[in-house]
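Colleague: One structure is given below, represented as structure tokens, and several questions about it will come after.
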Amino acid sequence: MSSTATGFAEQIDLLVRARYPVLYVVTFEEGRLEQLLFDLARRQGKPFAVWTATRGLRTIGVRREGTPELPHFPAPTEVLEHIRAERGAGIYLLEDLHLHFEDPQVVRRLRDVAAELKDSHKTVVLSAARMALPPELEKDLTVLDLPLPDETELDSLLRSLCEQLYQQDPKSVALTREDSRALVRAARGLTLAEAENAFAKAAVHGDRLDAADIKLVMEEKRQAIRKSGVLDFHPAETTLGDVGGLEPLKEWLRRRGKALLPGAREFGLGAPKGVLLLGVPGCGKSLTAQVIAHSWQLPLLHLDLGRVFSGLLGSSEDNMRKALRAAEAVAPAVLWIDEIEKGLAGGTASGQSDGGTAQRVFASLLTWMQEQRAGVFVAATANRIDALPPELLRRGRFDEIFFVDLPQAMARAEILAIHLRKRGRDAKLFALDELAKACEGFSGAEIEQALVEALFAAFDRGSELEGQDIAQAMAETTPLSVTSAEEIGRMRDWAKTRARPADRSAAEPSVPFARRARG
């Protein structure tokens, strides 16, 4: 048994021996939980039974001699009454009972069972795919999360499949030890059933299991994570070369990334926790967050805080819990939270408008960021500094806070060269220094859009792109540094004493006031 499964088994074993009457286990893996509880019941010498609304109550494993077969008990209230009245010890797994919590008789009967079982050797375990506890039951149940399988369990599953395939056809398996490790790492974050399906699909694909199937397993994981509705799995394809400027930030990331190398723990270094990128919109914050995953060769997960919140009572907190658990299961990984201030807006003062949901979700995220040791690096971005709650900026949540300002002349030339190359042009044929001066006060996104506008103009004219086309497009653009000059100034004043500059400063005007907004 893996360390993850062993830890959960030991935890639930302790609760059962301590006579906790009702446990609530959040998991999608009913079969895995059933096996863990069956093993526990066997070690403790107790009978084990499972109930579902479709199959009723049934004994799992070998029944003791003389023990009658359990009646069916399809109704929730009937099975709860049976458990309450049963004289002997036992462990009872009730699957999806939470779907019946709208019935007040089920809730009341479960509370009665919880009260009477405290002095018995019977334990009721409820399994559910999500947290769905009515307030009446919150103090009567103990909630546990069944962790997703770790690499030990996944490796055991892969070995078993490879043995079966090899017995059928020795040519159907062509994996080195390193290939096997890569396949197992690719499957992290999947349930055992999902991993089994992914490995089986990989084996069928191409008639053999080999290193080429790693991408296929990664695609299966991408689909599985997307089904959560909150997390997205992004391909980490953006490189450091796609980001212009920001040399101090790049150097910081390079140095922090070394903490992932072998020997870092022995040297006394912990895993990097995260970085918060604040600053002007369109200056490469989100792009940098994606670059981190590519540079460190880690999976990139995108957490959409807007999708965390929904109209169902209690579902927002559950969405956050599931997203963070999935991120931990995939770890080491990069968790990208874009425009975090929008998702947490009102997190500290929303109790009157949403019953405190945003505040609870915000608190759970902060606690997790402070305490998680799974190796999830949080890369968060924010455009509105004034909307960030002070608790988020406290040391310990992030390793560092960077302020990303408008790019200076050298960085603007680099950004322009990057976008020219992306569009099949030789950057050396353009006067980049002159064009960089022409777009003083532009963000990286505005430089790109000016180039796109110039390409449209050249294509319409029927000739190749020229530097004059780009200069003309820049002259016709009113940048954010003009339309939001006061707000950018306030951001800079705030960042002077609270954040680290992401780029080197240069002796040029901070905002080009010579350029005027056009009405």
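Ligands are numbered from 1 in the order shown, residues from 1 within each chain, and chains are lettered A, B, ... in the order they appear in the structure tokens.
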With a cut-off of 9 Å, could you pull out the residues of region 114-175 of chain A touching region 210-224 of chain A and give me the nearest pair of atoms for each, distance in Å to one decimal, using only C-alpha atoms, ordered by chain and ascending number, as CSV?

Modeller:
residue,atom,partner,partner_atom,distance
A:Ser172,CA,A:Asp210,CA,8.5
A:Val173,CA,A:Asp210,CA,6.5
A:Ala174,CA,A:Asp210,CA,4.9
A:Leu175,CA,A:Asp210,CA,5.0

Colleague: Write the residues you've just listed into a file as a PDB file, in the first residue's frame, and include C-alpha atoms for each of them.

Modeller:
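Saved result, again.pdb, follows:
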ATOM      1  CA  SER A 172       3.254  -5.122 -26.797  1.00  0.00           C
ATOM      2  CA  VAL A 173       5.401  -3.482 -24.080  1.00  0.00           C
ATOM      3  CA  ALA A 174       8.410  -1.325 -24.999  1.00  0.00           C
ATOM      4  CA  LEU A 175       8.992   0.790 -21.901  1.00  0.00           C
TER       5      LEU A 175
END

Colleague: From a DSSP calculation on the backbone, collect every residue of region 207-340 of chain A in helix (DSSP H, G or I) and output the set as a ChimeraX atom specification.

Modeller: /A:207,211-226,240-242,247-260,264-267,285-296,305-308,315-330,340

Colleague: At a cut-off of 10 Å, can you tabulate as JSON lines every residue of region 198-284 of chain A near region 397-417 of chain A together with its closest atom pair and the distance in Å to one decimal, using only C-alpha atoms and ordering rows by chain then number?

Modeller:
{"residue": "A:Gly241", "atom": "CA", "partner": "A:Glu414", "partner_atom": "CA", "distance": 9.7}
{"residue": "A:Asp242", "atom": "CA", "partner": "A:Ile415", "partner_atom": "CA", "distance": 8.1}
{"residue": "A:Val243", "atom": "CA", "partner": "A:Ile415", "partner_atom": "CA", "distance": 7.1}
{"residue": "A:Gly244", "atom": "CA", "partner": "A:Ile415", "partner_atom": "CA", "distance": 4.7}
{"residue": "A:Gly245", "atom": "CA", "partner": "A:Ala411", "partner_atom": "CA", "distance": 4.4}
{"residue": "A:Leu246", "atom": "CA", "partner": "A:Ala411", "partner_atom": "CA", "distance": 7.8}
{"residue": "A:Glu247", "atom": "CA", "partner": "A:Ala411", "partner_atom": "CA", "distance": 9.3}
{"residue": "A:Pro248", "atom": "CA", "partner": "A:Phe402", "partner_atom": "CA", "distance": 9.7}
{"residue": "A:Leu249", "atom": "CA", "partner": "A:Phe402", "partner_atom": "CA", "distance": 7.6}
{"residue": "A:Trp252", "atom": "CA", "partner": "A:Glu400", "partner_atom": "CA", "distance": 9.3}
{"residue": "A:Arg256", "atom": "CA", "partner": "A:Asp399", "partner_atom": "CA", "distance": 9.4}
{"residue": "A:Pro272", "atom": "CA", "partner": "A:Asp399", "partner_atom": "CA", "distance": 6.9}
{"residue": "A:Lys273", "atom": "CA", "partner": "A:Phe398", "partner_atom": "CA", "distance": 6.0}
{"residue": "A:Gly274", "atom": "CA", "partner": "A:Phe398", "partner_atom": "CA", "distance": 4.7}
{"residue": "A:Val275", "atom": "CA", "partner": "A:Phe398", "partner_atom": "CA", "distance": 5.2}
{"residue": "A:Leu276", "atom": "CA", "partner": "A:Ile401", "partner_atom": "CA", "distance": 4.8}
{"residue": "A:Leu277", "atom": "CA", "partner": "A:Phe402", "partner_atom": "CA", "distance": 5.0}
{"residue": "A:Leu278", "atom": "CA", "partner": "A:Phe403", "partner_atom": "CA", "distance": 4.8}
{"residue": "A:Gly279", "atom": "CA", "partner": "A:Val404", "partner_atom": "CA", "distance": 4.7}
{"residue": "A:Val280", "atom": "CA", "partner": "A:Asp405", "partner_atom": "CA", "distance": 5.8}
{"residue": "A:Pro281", "atom": "CA", "partner": "A:Leu406", "partner_atom": "CA", "distance": 8.9}
{"residue": "A:Gly282", "atom": "CA", "partner": "A:Leu406", "partner_atom": "CA", "distance": 8.6}
{"residue": "A:Cys283", "atom": "CA", "partner": "A:Leu406", "partner_atom": "CA", "distance": 6.2}
{"residue": "A:Gly284", "atom": "CA", "partner": "A:Val404", "partner_atom": "CA", "distance": 7.8}

Colleague: Please run DSSP on the backbone and report, as a PyMOL selection string, all residues within region 177-398 of chain A that come out as strand (DSSP E or B).

Modeller: chain A and resi 209-210+231-234+274-279+300-303+333-337+376-382+395+398

Colleague: Could you write those residues out with C-alpha atoms, as a PDB file, in the first residue's frame?

Modeller:
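Now in result_12.pdb:
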ATOM      1  CA  LEU A 209       2.833   0.614 -24.833  1.00  0.00           C
ATOM      2  CA  ASP A 210       5.880   2.849 -25.303  1.00  0.00           C
ATOM      3  CA  LEU A 231      -9.327  23.793 -13.246  1.00  0.00           C
ATOM      4  CA  ASP A 232      -7.907  23.755 -16.767  1.00  0.00           C
ATOM      5  CA  PHE A 233      -4.765  21.923 -17.845  1.00  0.00           C
ATOM      6  CA  HIS A 234      -2.656  24.168 -20.088  1.00  0.00           C
ATOM      7  CA  GLY A 274       4.667  31.155  -5.329  1.00  0.00           C
ATOM      8  CA  VAL A 275       4.959  34.597  -6.837  1.00  0.00           C
ATOM      9  CA  LEU A 276       2.476  37.465  -7.123  1.00  0.00           C
ATOM     10  CA  LEU A 277       2.802  39.610 -10.241  1.00  0.00           C
ATOM     11  CA  LEU A 278       1.186  43.033  -9.894  1.00  0.00           C
ATOM     12  CA  GLY A 279       1.101  45.866 -12.354  1.00  0.00           C
ATOM     13  CA  LEU A 300       0.468  24.144 -15.729  1.00  0.00           C
ATOM     14  CA  LEU A 301      -2.969  24.310 -14.132  1.00  0.00           C
ATOM     15  CA  HIS A 302      -5.228  27.340 -14.503  1.00  0.00           C
ATOM     16  CA  LEU A 303      -7.631  28.056 -11.637  1.00  0.00           C
ATOM     17  CA  ALA A 333       2.978  21.754 -10.646  1.00  0.00           C
ATOM     18  CA  VAL A 334       2.356  25.441 -11.317  1.00  0.00           C
ATOM     19  CA  LEU A 335      -1.097  26.756 -10.349  1.00  0.00           C
ATOM     20  CA  TRP A 336      -1.852  29.874 -12.374  1.00  0.00           C
ATOM     21  CA  ILE A 337      -4.488  32.253 -10.940  1.00  0.00           C
ATOM     22  CA  VAL A 376       2.333  23.468  -5.898  1.00  0.00           C
ATOM     23  CA  PHE A 377       3.845  26.774  -7.035  1.00  0.00           C
ATOM     24  CA  VAL A 378       1.170  29.500  -7.176  1.00  0.00           C
ATOM     25  CA  ALA A 379       1.687  32.077  -9.938  1.00  0.00           C
ATOM     26  CA  ALA A 380      -0.932  34.775  -9.384  1.00  0.00           C
ATOM     27  CA  THR A 381      -1.445  37.991 -11.344  1.00  0.00           C
ATOM     28  CA  ALA A 382      -3.346  41.161 -10.452  1.00  0.00           C
ATOM     29  CA  ARG A 395       4.810  37.224   3.781  1.00  0.00           C
ATOM     30  CA  PHE A 398       4.175  34.127  -1.736  1.00  0.00           C
TER      31      PHE A 398
END

Colleague: What lies within 9 Å of Leu451 (chain A) using only C-alpha atoms, ignoring chain neighbours under 5 positions off, as a list of chain:residue names?

Modeller: A:Leu416, A:His419, A:Leu420, A:Glu446, A:Phe456, A:Asp469, A:Ile470, A:Ala471, A:Ala473, A:Met474

Colleague: Which is closer to Ala186 (chain A) than all the others in A:Ala502, A:Ile340, A:Met131, A:Leu154, using only C-alpha atoms?

Modeller: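 Under the stated criterion, the closest residue is A:Leu154.
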
Colleague: At what distance in Å, to one decimal, does CA of Met320 (chain A) lie from CA of Leu94 (chain A)?

Modeller: 24.9 Å

Colleague: Return the single residue from A:Asp318, A:Glu86, A:Asp119, A:Asp503 that is closest to Arg17 (chain A), with distances computed using only C-alpha atoms.

Modeller: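 Among the listed residues, A:Asp119 lies closest to Arg17 (chain A).
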
Colleague: I want to know what sits within 10 Å of His72 (chain A), based on only C-alpha atoms, with residues of the same chain fewer than 2 positions away left out; could you give that as a ChimeraX atom specification?

Modeller: /A:51-58,69-70,74-75,78-79
